[in-house]
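Source file: input.pdb (PDB, C-alpha atoms, pLDDT in the B column)
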```
ATOM      1  CA  GLN A1141       0.711  19.772  -1.710  1.00 61.00           C
ATOM      2  CA  LYS A1142       0.501  16.070  -1.033  1.00 66.00           C
ATOM      3  CA  GLU A1143      -0.498  13.930  -3.993  1.00 86.00           C
ATOM      4  CA  VAL A1144      -3.235  12.155  -2.049  1.00 91.00           C
ATOM      5  CA  GLU A1145      -5.039  13.712   0.880  1.00 91.00           C
ATOM      6  CA  GLN A1146      -7.522  11.930   3.076  1.00 93.00           C
ATOM      7  CA  ASN A1147      -9.996  13.434   5.493  1.00 83.00           C
ATOM      8  CA  SER A1148      -8.434  13.863   8.858  1.00 73.00           C
ATOM      9  CA  GLY A1149      -9.344  11.346  11.478  1.00 80.00           C
ATOM     10  CA  PRO A1150      -9.976   9.640  13.590  1.00 93.00           C
ATOM     11  CA  LEU A1151     -13.573   9.111  12.508  1.00 95.00           C
ATOM     12  CA  SER A1152     -16.028   7.588  14.939  1.00 96.00           C
ATOM     13  CA  VAL A1153     -19.503   6.351  14.021  1.00 97.00           C
ATOM     14  CA  PRO A1154     -22.114   4.283  15.860  1.00 97.00           C
ATOM     15  CA  GLU A1155     -22.842   0.750  14.774  1.00 98.00           C
ATOM     16  CA  GLY A1156     -25.332   0.669  11.932  1.00 97.00           C
ATOM     17  CA  ALA A1157     -24.499   4.169  10.688  1.00 97.00           C
ATOM     18  CA  ILE A1158     -22.974   5.154   7.355  1.00 97.00           C
ATOM     19  CA  ALA A1159     -19.255   5.907   7.469  1.00 97.00           C
ATOM     20  CA  SER A1160     -17.994   8.321   4.823  1.00 96.00           C
ATOM     21  CA  LEU A1161     -14.310   8.405   3.943  1.00 97.00           C
ATOM     22  CA  ASN A1162     -12.985  10.992   1.539  1.00 96.00           C
ATOM     23  CA  CYS A1163      -9.890  11.442  -0.573  1.00 95.00           C
ATOM     24  CA  THR A1164      -8.676  14.154  -2.942  1.00 94.00           C
ATOM     25  CA  TYR A1165      -5.770  13.882  -5.337  1.00 91.00           C
ATOM     26  CA  SER A1166      -3.627  16.314  -7.279  1.00 88.00           C
ATOM     27  CA  ASP A1167      -2.405  14.283 -10.262  1.00 81.00           C
ATOM     28  CA  ARG A1168      -4.894  14.496 -13.128  1.00 78.00           C
ATOM     29  CA  GLY A1169      -3.025  11.658 -14.805  1.00 78.00           C
ATOM     30  CA  SER A1170      -4.292   9.238 -12.214  1.00 78.00           C
ATOM     31  CA  GLN A1171      -6.702   6.789 -13.732  1.00 84.00           C
ATOM     32  CA  SER A1172      -7.410   4.163 -11.099  1.00 90.00           C
ATOM     33  CA  PHE A1173      -8.276   4.529  -7.456  1.00 93.00           C
ATOM     34  CA  PHE A1174      -8.201   2.059  -4.640  1.00 94.00           C
ATOM     35  CA  TRP A1175      -9.434   1.654  -1.119  1.00 96.00           C
ATOM     36  CA  TYR A1176      -7.473  -0.586   1.205  1.00 97.00           C
ATOM     37  CA  ARG A1177      -8.355  -1.532   4.759  1.00 97.00           C
ATOM     38  CA  GLN A1178      -5.586  -2.006   7.295  1.00 97.00           C
ATOM     39  CA  TYR A1179      -6.179  -3.469  10.720  1.00 97.00           C
ATOM     40  CA  SER A1180      -3.740  -2.509  13.430  1.00 94.00           C
ATOM     41  CA  GLY A1181      -0.489  -4.437  13.048  1.00 91.00           C
ATOM     42  CA  LYS A1182      -1.609  -6.044   9.787  1.00 94.00           C
ATOM     43  CA  SER A1183      -0.898  -5.354   6.133  1.00 95.00           C
ATOM     44  CA  PRO A1184      -3.322  -3.524   3.837  1.00 96.00           C
ATOM     45  CA  GLU A1185      -6.028  -5.520   2.074  1.00 95.00           C
ATOM     46  CA  LEU A1186      -7.857  -4.367  -1.039  1.00 94.00           C
ATOM     47  CA  ILE A1187     -11.522  -3.512  -0.562  1.00 95.00           C
ATOM     48  CA  MET A1188     -12.443  -1.862  -3.849  1.00 94.00           C
ATOM     49  CA  PHE A1189     -11.053  -0.151  -6.919  1.00 92.00           C
ATOM     50  CA  ILE A1190     -12.732   2.251  -9.299  1.00 94.00           C
ATOM     51  CA  TYR A1191     -11.615   3.861 -12.550  1.00 90.00           C
ATOM     52  CA  SER A1192     -14.814   5.249 -14.072  1.00 91.00           C
ATOM     53  CA  ASN A1193     -16.678   8.302 -12.900  1.00 93.00           C
ATOM     54  CA  GLY A1194     -19.700   7.485 -10.797  1.00 95.00           C
ATOM     55  CA  ASP A1195     -20.490   4.914  -8.159  1.00 96.00           C
ATOM     56  CA  LYS A1196     -19.388   1.325  -7.749  1.00 96.00           C
ATOM     57  CA  GLU A1197     -21.085  -0.850  -5.173  1.00 97.00           C
ATOM     58  CA  ASP A1198     -19.912  -4.061  -3.555  1.00 95.00           C
ATOM     59  CA  GLY A1199     -22.030  -5.273  -0.674  1.00 97.00           C
ATOM     60  CA  ARG A1200     -21.990  -2.658   2.087  1.00 97.00           C
ATOM     61  CA  PHE A1201     -19.256  -0.657   0.336  1.00 98.00           C
ATOM     62  CA  THR A1202     -19.730   2.028  -2.308  1.00 98.00           C
ATOM     63  CA  ALA A1203     -16.852   3.827  -3.987  1.00 97.00           C
ATOM     64  CA  GLN A1204     -17.539   7.135  -5.689  1.00 97.00           C
ATOM     65  CA  LEU A1205     -15.251   8.831  -8.198  1.00 95.00           C
ATOM     66  CA  ASN A1206     -15.429  12.351  -9.613  1.00 94.00           C
ATOM     67  CA  LYS A1207     -12.434  12.974 -11.842  1.00 91.00           C
ATOM     68  CA  ALA A1208     -13.429  16.566 -12.605  1.00 91.00           C
ATOM     69  CA  SER A1209     -13.308  17.388  -8.903  1.00 91.00           C
ATOM     70  CA  GLN A1210     -10.368  15.000  -8.302  1.00 92.00           C
ATOM     71  CA  TYR A1211     -12.298  13.363  -5.516  1.00 93.00           C
ATOM     72  CA  VAL A1212     -12.900   9.778  -4.502  1.00 96.00           C
ATOM     73  CA  SER A1213     -14.870   8.508  -1.545  1.00 97.00           C
ATOM     74  CA  LEU A1214     -15.829   5.304   0.198  1.00 97.00           C
ATOM     75  CA  LEU A1215     -19.158   4.819   1.919  1.00 98.00           C
ATOM     76  CA  ILE A1216     -19.653   1.980   4.362  1.00 98.00           C
ATOM     77  CA  ARG A1217     -23.298   1.262   5.064  1.00 98.00           C
ATOM     78  CA  ASP A1218     -24.536  -0.486   8.194  1.00 98.00           C
ATOM     79  CA  SER A1219     -21.123  -0.056   9.815  1.00 98.00           C
ATOM     80  CA  GLN A1220     -19.997  -2.881  12.066  1.00 97.00           C
ATOM     81  CA  PRO A1221     -17.392  -2.896  14.856  1.00 97.00           C
ATOM     82  CA  SER A1222     -15.342  -5.212  12.615  1.00 97.00           C
ATOM     83  CA  ASP A1223     -15.036  -2.310  10.155  1.00 98.00           C
ATOM     84  CA  SER A1224     -12.872  -0.477  12.699  1.00 97.00           C
ATOM     85  CA  ALA A1225      -9.539  -0.055  10.918  1.00 97.00           C
ATOM     86  CA  THR A1226      -7.453   2.450   8.992  1.00 97.00           C
ATOM     87  CA  TYR A1227      -8.652   3.035   5.444  1.00 97.00           C
ATOM     88  CA  LEU A1228      -6.052   3.918   2.839  1.00 97.00           C
ATOM     89  CA  CYS A1229      -6.817   5.701  -0.398  1.00 96.00           C
ATOM     90  CA  GLY A1230      -4.445   4.892  -3.250  1.00 94.00           C
ATOM     91  CA  MET A1231      -4.167   5.998  -6.866  1.00 91.00           C
ATOM     92  CA  GLY A1232      -2.372   4.730  -9.922  1.00 88.00           C
ATOM     93  CA  GLU A1233      -1.925   5.691 -13.552  1.00 79.00           C
ATOM     94  CA  THR A1234      -2.804   2.400 -15.178  1.00 73.00           C
ATOM     95  CA  SER A1235      -3.483  -1.179 -14.246  1.00 71.00           C
ATOM     96  CA  GLY A1236      -0.443  -2.706 -12.605  1.00 72.00           C
ATOM     97  CA  SER A1237       1.282   0.635 -12.026  1.00 81.00           C
ATOM     98  CA  ARG A1238       2.671   1.716  -8.700  1.00 86.00           C
ATOM     99  CA  LEU A1239       0.193   3.214  -6.271  1.00 90.00           C
ATOM    100  CA  THR A1240       0.506   6.403  -4.277  1.00 92.00           C
ATOM    101  CA  PHE A1241      -1.256   6.247  -0.945  1.00 95.00           C
ATOM    102  CA  GLY A1242      -2.668   8.810   1.424  1.00 94.00           C
ATOM    103  CA  GLU A1243      -1.929   8.772   5.122  1.00 94.00           C
ATOM    104  CA  GLY A1244      -5.073   6.873   5.921  1.00 96.00           C
ATOM    105  CA  THR A1245      -8.174   7.609   7.971  1.00 96.00           C
ATOM    106  CA  GLN A1246      -8.723   5.701  11.187  1.00 96.00           C
ATOM    107  CA  LEU A1247     -12.330   4.582  11.576  1.00 97.00           C
ATOM    108  CA  THR A1248     -13.863   3.383  14.827  1.00 97.00           C
ATOM    109  CA  VAL A1249     -17.344   1.875  14.853  1.00 97.00           C
ATOM    110  CA  ASN A1250     -18.818   1.944  18.341  1.00 96.00           C
ATOM    111  CA  PRO A1251     -21.195  -0.864  19.398  1.00 94.00           C
TER
ATOM    112  CA  ASP B  12      -1.949 -20.000  -3.829  1.00 54.00           C
ATOM    113  CA  THR B  13      -0.398 -19.197  -0.489  1.00 75.00           C
ATOM    114  CA  GLY B  14      -0.391 -15.436  -0.918  1.00 93.00           C
ATOM    115  CA  VAL B  15       2.606 -13.144  -0.719  1.00 97.00           C
ATOM    116  CA  SER B  16       5.217 -14.361   1.766  1.00 97.00           C
ATOM    117  CA  GLN B  17       7.813 -12.193   3.445  1.00 98.00           C
ATOM    118  CA  ASP B  18      10.731 -13.256   5.556  1.00 97.00           C
ATOM    119  CA  PRO B  19      11.665 -12.486   8.260  1.00 97.00           C
ATOM    120  CA  ARG B  20       8.592 -11.099  10.015  1.00 97.00           C
ATOM    121  CA  HIS B  21      10.705  -9.083  12.421  1.00 97.00           C
ATOM    122  CA  LYS B  22      14.304  -7.938  12.326  1.00 98.00           C
ATOM    123  CA  ILE B  23      16.223  -6.053  14.980  1.00 98.00           C
ATOM    124  CA  THR B  24      19.623  -4.831  13.924  1.00 98.00           C
ATOM    125  CA  LYS B  25      22.289  -2.489  15.147  1.00 98.00           C
ATOM    126  CA  ARG B  26      22.904   0.754  13.363  1.00 98.00           C
ATOM    127  CA  GLY B  27      25.457   0.335  10.621  1.00 98.00           C
ATOM    128  CA  GLN B  28      24.668  -3.306   9.911  1.00 98.00           C
ATOM    129  CA  ASN B  29      23.350  -4.598   6.600  1.00 98.00           C
ATOM    130  CA  VAL B  30      20.000  -6.363   6.386  1.00 98.00           C
ATOM    131  CA  THR B  31      18.270  -8.322   3.642  1.00 98.00           C
ATOM    132  CA  PHE B  32      14.597  -9.146   3.327  1.00 98.00           C
ATOM    133  CA  ARG B  33      12.975 -11.688   1.068  1.00 98.00           C
ATOM    134  CA  CYS B  34       9.610 -11.642  -0.684  1.00 98.00           C
ATOM    135  CA  ASP B  35       7.922 -14.532  -2.485  1.00 97.00           C
ATOM    136  CA  PRO B  36       5.031 -13.245  -4.604  1.00 96.00           C
ATOM    137  CA  ILE B  37       1.926 -15.102  -5.713  1.00 94.00           C
ATOM    138  CA  SER B  38       3.311 -17.514  -8.281  1.00 91.00           C
ATOM    139  CA  GLU B  39       1.578 -16.268 -11.421  1.00 89.00           C
ATOM    140  CA  HIS B  40       2.091 -12.572 -10.638  1.00 92.00           C
ATOM    141  CA  ASN B  41       4.643 -10.873 -12.873  1.00 92.00           C
ATOM    142  CA  ARG B  42       4.807  -7.577 -10.961  1.00 93.00           C
ATOM    143  CA  LEU B  43       6.380  -7.196  -7.557  1.00 96.00           C
ATOM    144  CA  TYR B  44       6.437  -4.027  -5.469  1.00 96.00           C
ATOM    145  CA  TRP B  45       8.271  -2.881  -2.368  1.00 97.00           C
ATOM    146  CA  TYR B  46       6.813  -0.290  -0.017  1.00 97.00           C
ATOM    147  CA  ARG B  47       7.825   1.112   3.349  1.00 97.00           C
ATOM    148  CA  GLN B  48       5.354   2.166   6.002  1.00 97.00           C
ATOM    149  CA  THR B  49       5.952   4.046   9.231  1.00 96.00           C
ATOM    150  CA  LEU B  50       3.473   4.475  12.055  1.00 92.00           C
ATOM    151  CA  GLY B  51       0.547   6.697  11.150  1.00 90.00           C
ATOM    152  CA  GLN B  52       1.560   6.972   7.506  1.00 93.00           C
ATOM    153  CA  GLY B  53       0.413   5.289   4.343  1.00 95.00           C
ATOM    154  CA  PRO B  54       2.718   2.931   2.457  1.00 96.00           C
ATOM    155  CA  GLU B  55       5.495   4.748   0.613  1.00 95.00           C
ATOM    156  CA  PHE B  56       6.587   3.371  -2.755  1.00 94.00           C
ATOM    157  CA  LEU B  57      10.193   2.154  -3.021  1.00 95.00           C
ATOM    158  CA  THR B  58      10.511   0.179  -6.237  1.00 95.00           C
ATOM    159  CA  TYR B  59       8.831  -2.334  -8.509  1.00 94.00           C
ATOM    160  CA  PHE B  60       9.678  -5.098 -10.953  1.00 95.00           C
ATOM    161  CA  GLN B  61       8.057  -6.673 -13.911  1.00 93.00           C
ATOM    162  CA  ASN B  62       9.504 -10.153 -14.116  1.00 93.00           C
ATOM    163  CA  GLU B  63      13.224  -9.590 -13.470  1.00 93.00           C
ATOM    164  CA  ALA B  64      13.342  -6.001 -14.753  1.00 94.00           C
ATOM    165  CA  GLN B  65      13.301  -3.167 -12.222  1.00 93.00           C
ATOM    166  CA  LEU B  66      10.924  -0.708 -13.865  1.00 92.00           C
ATOM    167  CA  GLU B  67      10.891   2.133 -11.388  1.00 91.00           C
ATOM    168  CA  LYS B  68      12.757   3.214  -8.293  1.00 92.00           C
ATOM    169  CA  SER B  69      11.635   5.982  -5.983  1.00 91.00           C
ATOM    170  CA  ARG B  70      13.819   9.068  -5.999  1.00 85.00           C
ATOM    171  CA  LEU B  71      13.537   8.944  -2.219  1.00 76.00           C
ATOM    172  CA  LEU B  72      15.414   5.655  -2.201  1.00 80.00           C
ATOM    173  CA  SER B  73      19.003   6.266  -1.223  1.00 84.00           C
ATOM    174  CA  ASP B  74      21.868   4.281  -2.687  1.00 90.00           C
ATOM    175  CA  ARG B  75      21.991   2.278   0.544  1.00 95.00           C
ATOM    176  CA  PHE B  76      18.900   0.459  -0.693  1.00 95.00           C
ATOM    177  CA  SER B  77      19.018  -2.137  -3.440  1.00 95.00           C
ATOM    178  CA  ALA B  78      16.482  -4.626  -4.684  1.00 96.00           C
ATOM    179  CA  GLU B  79      16.732  -7.588  -6.993  1.00 96.00           C
ATOM    180  CA  ARG B  80      14.449 -10.097  -8.582  1.00 96.00           C
ATOM    181  CA  PRO B  81      16.983 -12.302 -10.331  1.00 91.00           C
ATOM    182  CA  LYS B  82      14.762 -14.930 -11.946  1.00 87.00           C
ATOM    183  CA  GLY B  83      11.505 -13.053 -11.988  1.00 85.00           C
ATOM    184  CA  SER B  84      10.238 -14.970  -8.991  1.00 91.00           C
ATOM    185  CA  PHE B  85      11.261 -14.010  -5.441  1.00 96.00           C
ATOM    186  CA  SER B  86      12.819 -10.647  -4.645  1.00 98.00           C
ATOM    187  CA  THR B  87      15.274  -9.372  -2.070  1.00 98.00           C
ATOM    188  CA  LEU B  88      15.581  -5.897  -0.590  1.00 97.00           C
ATOM    189  CA  GLU B  89      18.909  -5.034   0.995  1.00 97.00           C
ATOM    190  CA  ILE B  90      19.632  -2.054   3.189  1.00 97.00           C
ATOM    191  CA  GLN B  91      23.284  -1.304   3.776  1.00 97.00           C
ATOM    192  CA  ARG B  92      24.652   0.623   6.751  1.00 97.00           C
ATOM    193  CA  THR B  93      21.266   0.830   8.427  1.00 97.00           C
ATOM    194  CA  GLU B  94      20.231   4.020  10.193  1.00 96.00           C
ATOM    195  CA  GLN B  95      17.599   4.542  12.872  1.00 96.00           C
ATOM    196  CA  GLY B  96      15.425   6.306  10.311  1.00 95.00           C
ATOM    197  CA  ASP B  97      15.197   3.017   8.401  1.00 96.00           C
ATOM    198  CA  SER B  98      13.043   1.558  11.161  1.00 97.00           C
ATOM    199  CA  ALA B  99       9.711   0.791   9.513  1.00 97.00           C
ATOM    200  CA  MET B 100       7.480  -1.937   8.146  1.00 97.00           C
ATOM    201  CA  TYR B 101       8.698  -3.091   4.743  1.00 98.00           C
ATOM    202  CA  LEU B 102       5.830  -4.363   2.646  1.00 98.00           C
ATOM    203  CA  CYS B 103       6.005  -6.447  -0.489  1.00 98.00           C
ATOM    204  CA  ALA B 104       3.076  -6.777  -2.877  1.00 96.00           C
ATOM    205  CA  SER B 105       2.458  -8.540  -6.161  1.00 95.00           C
ATOM    206  CA  SER B 106       0.024  -8.368  -9.039  1.00 92.00           C
ATOM    207  CA  LEU B 107      -0.462  -9.114 -12.685  1.00 87.00           C
ATOM    208  CA  ALA B 108       0.415  -6.174 -14.926  1.00 80.00           C
ATOM    209  CA  SER B 109      -3.098  -6.274 -16.304  1.00 78.00           C
ATOM    210  CA  SER B 110      -4.919  -6.280 -12.993  1.00 80.00           C
ATOM    211  CA  TYR B 111      -6.030  -3.528 -10.670  1.00 81.00           C
ATOM    212  CA  GLY B 112      -4.703  -3.405  -7.161  1.00 84.00           C
ATOM    213  CA  TYR B 113      -2.217  -5.659  -5.517  1.00 90.00           C
ATOM    214  CA  THR B 114      -1.959  -8.216  -2.763  1.00 94.00           C
ATOM    215  CA  PHE B 115       0.317  -7.275   0.092  1.00 96.00           C
ATOM    216  CA  GLY B 116       2.393  -9.630   2.163  1.00 97.00           C
ATOM    217  CA  SER B 117       2.446  -9.518   5.949  1.00 96.00           C
ATOM    218  CA  GLY B 118       5.504  -7.314   5.955  1.00 97.00           C
ATOM    219  CA  THR B 119       8.903  -7.294   7.649  1.00 98.00           C
ATOM    220  CA  ARG B 120       9.174  -5.015  10.647  1.00 97.00           C
ATOM    221  CA  LEU B 121      12.677  -3.570  10.927  1.00 98.00           C
ATOM    222  CA  THR B 122      13.934  -1.989  14.115  1.00 98.00           C
ATOM    223  CA  VAL B 123      17.338  -0.322  14.041  1.00 98.00           C
ATOM    224  CA  VAL B 124      18.840   0.199  17.492  1.00 97.00           C
TER
END
```

Full structure transcribed into structure tokens:
Amino acid sequence: QKEVEQNSGPLSVPEGAIASLNCTYSDRGSQSFFWYRQYSGKSPELIMFIYSNGDKEDGRFTAQLNKASQYVSLLIRDSQPSDSATYLCGMGETSGSRLTFGEGTQLTVNP
Amino acid sequence: DTGVSQDPRHKITKRGQNVTFRCDPISEHNRLYWYRQTLGQGPEFLTYFQNEAQLEKSRLLSDRFSAERPKGSFSTLEIQRTEQGDSAMYLCASSLASSYGYTFGSGTRLTVV
């Protein structure tokens, strides 16, 4: 079993819709969880991190963490074509520790 | 703060040759990480440093790979006797030990022919 599994893509949503990206993990020792966005041919950039159960909101982005279910998600509200990218879920044990990433989910937002 | 810099951006080498990549982290960051990413996959951890100490090395990293961070500033990643399977994007990232998440550089794309 892979340590981090992301929902299979590609995912396609219309502009203005909510995009939902999901990630499950196997290591119960993981304490911090990250969402990175990667445009084609570019390096990953950090969107959000979360380490407490519940929701964390930042603008149009909401990260949700459920440690009991070993599940983390990212919701993108009012999706824009510029959100079209691959979204990587990563997890780490503590601050500053190495991250383990999933394979990524490719999102396309159609105008 | 100019971000994380990697050099070169692209490298084409013949199988069997040695290659070396350089990474300059954000100046105040004490942790530096190396990852490798192939098409359609997430970044795969290779190794990381805190200051000049190499704290962890992936068990997937063969002995053809070596990394250094001699003065706790820039780092180099060397691959000896390159193989076609080494073709990938090599990503460097840096952070403070106390912070969450890191900043990636633009990467070095290696093609072994």

Exercise: Phe1174 (chain A) partners within 12 Å, all atoms listed in the file, chain neighbours under 6 positions left out, as an MDAnalysis selection string: (chainID A and resid 1144 1162:1163 1184:1192 1196 1202:1205 1212:1214 1227:1235 1238:1242) or (chainID B and resid 111:113)

So which residues touch Thr1164 (chain A) within 6 Å, counting all atoms listed in the file, skipping near sequence neighbours fewer than 5 positions away, as a short mmCIF file (atom, residue, chain, number, x, y, z; two decimals) with C-alpha atoms, in the frame of the given file?
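Dumped to result.cif:
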```cif
data_model
loop_
_atom_site.label_atom_id
_atom_site.label_comp_id
_atom_site.auth_asym_id
_atom_site.auth_seq_id
_atom_site.Cartn_x
_atom_site.Cartn_y
_atom_site.Cartn_z
CA VAL A 1144 -3.24 12.16 -2.05
CA GLU A 1145 -5.04 13.71 0.88
CA GLN A 1210 -10.37 15.00 -8.30
CA TYR A 1211 -12.30 13.36 -5.52
#
```

Once you count all atoms listed in the file, which residues of chain B turn out to be within 6 Å of chain A? Could you give them as a list of chain:residue names?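 Filtering chain B at 6 Å from chain A with all atoms listed in the file gives B:Gln52, B:Gly53, B:Ala108, B:Ser109, B:Ser110, B:Tyr111, B:Ser117.
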
Dump as a compact mmCIF listing (two decimals), in the frame of the given file, selection limited to C-alpha atoms:
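File written: out.txt
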```
# COMPACT_ATOMS: atom_id res chain seq x y z
CA GLN B 52 1.56 6.97 7.51
CA GLY B 53 0.41 5.29 4.34
CA ALA B 108 0.42 -6.17 -14.93
CA SER B 109 -3.10 -6.27 -16.30
CA SER B 110 -4.92 -6.28 -12.99
CA TYR B 111 -6.03 -3.53 -10.67
CA SER B 117 2.45 -9.52 5.95
```

Tell me which residues the PyMOL selection byres ((chain B and resi 65) around 10) grabs here, as a short mmCIF file (atom, residue, chain, number, x, y, z; two decimals) with C-alpha atoms, in the frame of the given file.
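That gives us out34.cif:
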```cif
data_model
loop_
_atom_site.label_atom_id
_atom_site.label_comp_id
_atom_site.auth_asym_id
_atom_site.auth_seq_id
_atom_site.Cartn_x
_atom_site.Cartn_y
_atom_site.Cartn_z
CA ARG B 42 4.81 -7.58 -10.96
CA LEU B 43 6.38 -7.20 -7.56
CA TYR B 44 6.44 -4.03 -5.47
CA THR B 58 10.51 0.18 -6.24
CA TYR B 59 8.83 -2.33 -8.51
CA PHE B 60 9.68 -5.10 -10.95
CA GLN B 61 8.06 -6.67 -13.91
CA ASN B 62 9.50 -10.15 -14.12
CA GLU B 63 13.22 -9.59 -13.47
CA ALA B 64 13.34 -6.00 -14.75
CA LEU B 66 10.92 -0.71 -13.86
CA GLU B 67 10.89 2.13 -11.39
CA LYS B 68 12.76 3.21 -8.29
CA ALA B 78 16.48 -4.63 -4.68
CA GLU B 79 16.73 -7.59 -6.99
CA ARG B 80 14.45 -10.10 -8.58
#
```

Taking all listed atoms of region 56-73 of chain B, build the axis-aligned box, pad each of the six sides by 6 Å, then write its centre and edge lengths in Å to one decimal as JSON.
```
{"center_x": 12.8, "center_y": -0.5, "center_z": -8.0, "size_x": 24.4, "size_y": 31.2, "size_z": 25.5}
```

I'd like to see the residues matched by the PyMOL selection byres ((chain B and resi 26-39) around 6) on this file, and ideally I'd get them as a PyMOL selection string. chain B and resi 14-18+25+40+85-94+105+123-124

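For the pair CA of Lys1207 (chain A) and CA of Asn1193 (chain A), the separation is 6.4 Å.
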
Computed interatomic separation between CA of Pro1251 (chain A) and CA of Ser1219 (chain A) (Å):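 Here the two named atoms are 9.6 Å from each other.
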
Answer as a ChimeraX atom specification, residues within 9 Å of (-8.2, 10.7, 13.0) using only C-alpha atoms: /A:1147-1152,1244-1247

For the residues selected in the previous step, produce a file with C-alpha atoms as a PDB file, in the frame of the given file.
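So again.pdb came out as:
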```pdb
ATOM      1  CA  ASN A1147      -9.996  13.434   5.493  1.00 83.00           C
ATOM      2  CA  SER A1148      -8.434  13.863   8.858  1.00 73.00           C
ATOM      3  CA  GLY A1149      -9.344  11.346  11.478  1.00 80.00           C
ATOM      4  CA  PRO A1150      -9.976   9.640  13.590  1.00 93.00           C
ATOM      5  CA  LEU A1151     -13.573   9.111  12.508  1.00 95.00           C
ATOM      6  CA  SER A1152     -16.028   7.588  14.939  1.00 96.00           C
ATOM      7  CA  GLY A1244      -5.073   6.873   5.921  1.00 96.00           C
ATOM      8  CA  THR A1245      -8.174   7.609   7.971  1.00 96.00           C
ATOM      9  CA  GLN A1246      -8.723   5.701  11.187  1.00 96.00           C
ATOM     10  CA  LEU A1247     -12.330   4.582  11.576  1.00 97.00           C
TER      11      LEU A1247
END
```

Pick from A:Leu1215, A:Asp1198, A:Arg1177, A:Val1249, whichever lies nearest to Ser1160 (chain A) using only C-alpha atoms: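 So, comparing all the options, the nearest one is A:Leu1215.
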
All heavy atoms are what I want for region 28-33 of chain B; can you complete it accordingly and write them as a compact mmCIF listing (two decimals), in the coordinates of the input?
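Dumped everything to rebuild.txt:
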```txt
# COMPACT_ATOMS: atom_id res chain seq x y z
N GLN B 28 24.68 -1.95 10.47
CA GLN B 28 24.67 -3.31 9.91
C GLN B 28 23.86 -3.34 8.62
O GLN B 28 23.02 -2.48 8.35
CB GLN B 28 24.07 -4.29 10.92
CG GLN B 28 24.87 -4.41 12.21
CD GLN B 28 26.23 -5.02 11.97
OE1 GLN B 28 26.35 -6.11 11.41
NE2 GLN B 28 27.29 -4.31 12.36
N ASN B 29 24.12 -4.37 7.81
CA ASN B 29 23.35 -4.60 6.60
C ASN B 29 22.24 -5.60 6.89
O ASN B 29 22.43 -6.53 7.68
CB ASN B 29 24.24 -5.16 5.49
CG ASN B 29 25.36 -4.21 5.11
OD1 ASN B 29 25.32 -3.02 5.41
ND2 ASN B 29 26.37 -4.74 4.44
N VAL B 30 21.10 -5.41 6.24
CA VAL B 30 20.00 -6.36 6.39
C VAL B 30 19.45 -6.69 5.01
O VAL B 30 19.51 -5.88 4.09
CB VAL B 30 18.85 -5.82 7.27
CG1 VAL B 30 19.32 -5.66 8.72
CG2 VAL B 30 18.30 -4.52 6.74
N THR B 31 18.90 -7.89 4.89
CA THR B 31 18.27 -8.32 3.64
C THR B 31 16.94 -8.97 3.94
O THR B 31 16.84 -9.80 4.85
CB THR B 31 19.17 -9.32 2.89
OG1 THR B 31 20.42 -8.70 2.60
CG2 THR B 31 18.51 -9.77 1.59
N PHE B 32 15.93 -8.58 3.19
CA PHE B 32 14.60 -9.15 3.33
C PHE B 32 14.24 -9.90 2.06
O PHE B 32 14.66 -9.53 0.96
CB PHE B 32 13.55 -8.04 3.54
CG PHE B 32 13.89 -7.05 4.62
CD1 PHE B 32 13.62 -5.71 4.44
CD2 PHE B 32 14.49 -7.46 5.80
CE1 PHE B 32 13.92 -4.79 5.43
CE2 PHE B 32 14.79 -6.55 6.80
CZ PHE B 32 14.51 -5.20 6.60
N ARG B 33 13.39 -10.90 2.22
CA ARG B 33 12.98 -11.69 1.07
C ARG B 33 11.47 -11.61 0.89
O ARG B 33 10.72 -11.55 1.87
CB ARG B 33 13.38 -13.14 1.26
CG ARG B 33 12.90 -14.06 0.12
CD ARG B 33 13.34 -15.47 0.29
NE ARG B 33 12.68 -16.36 -0.68
CZ ARG B 33 13.35 -17.16 -1.50
NH1 ARG B 33 14.67 -17.21 -1.48
NH2 ARG B 33 12.69 -17.93 -2.35
```
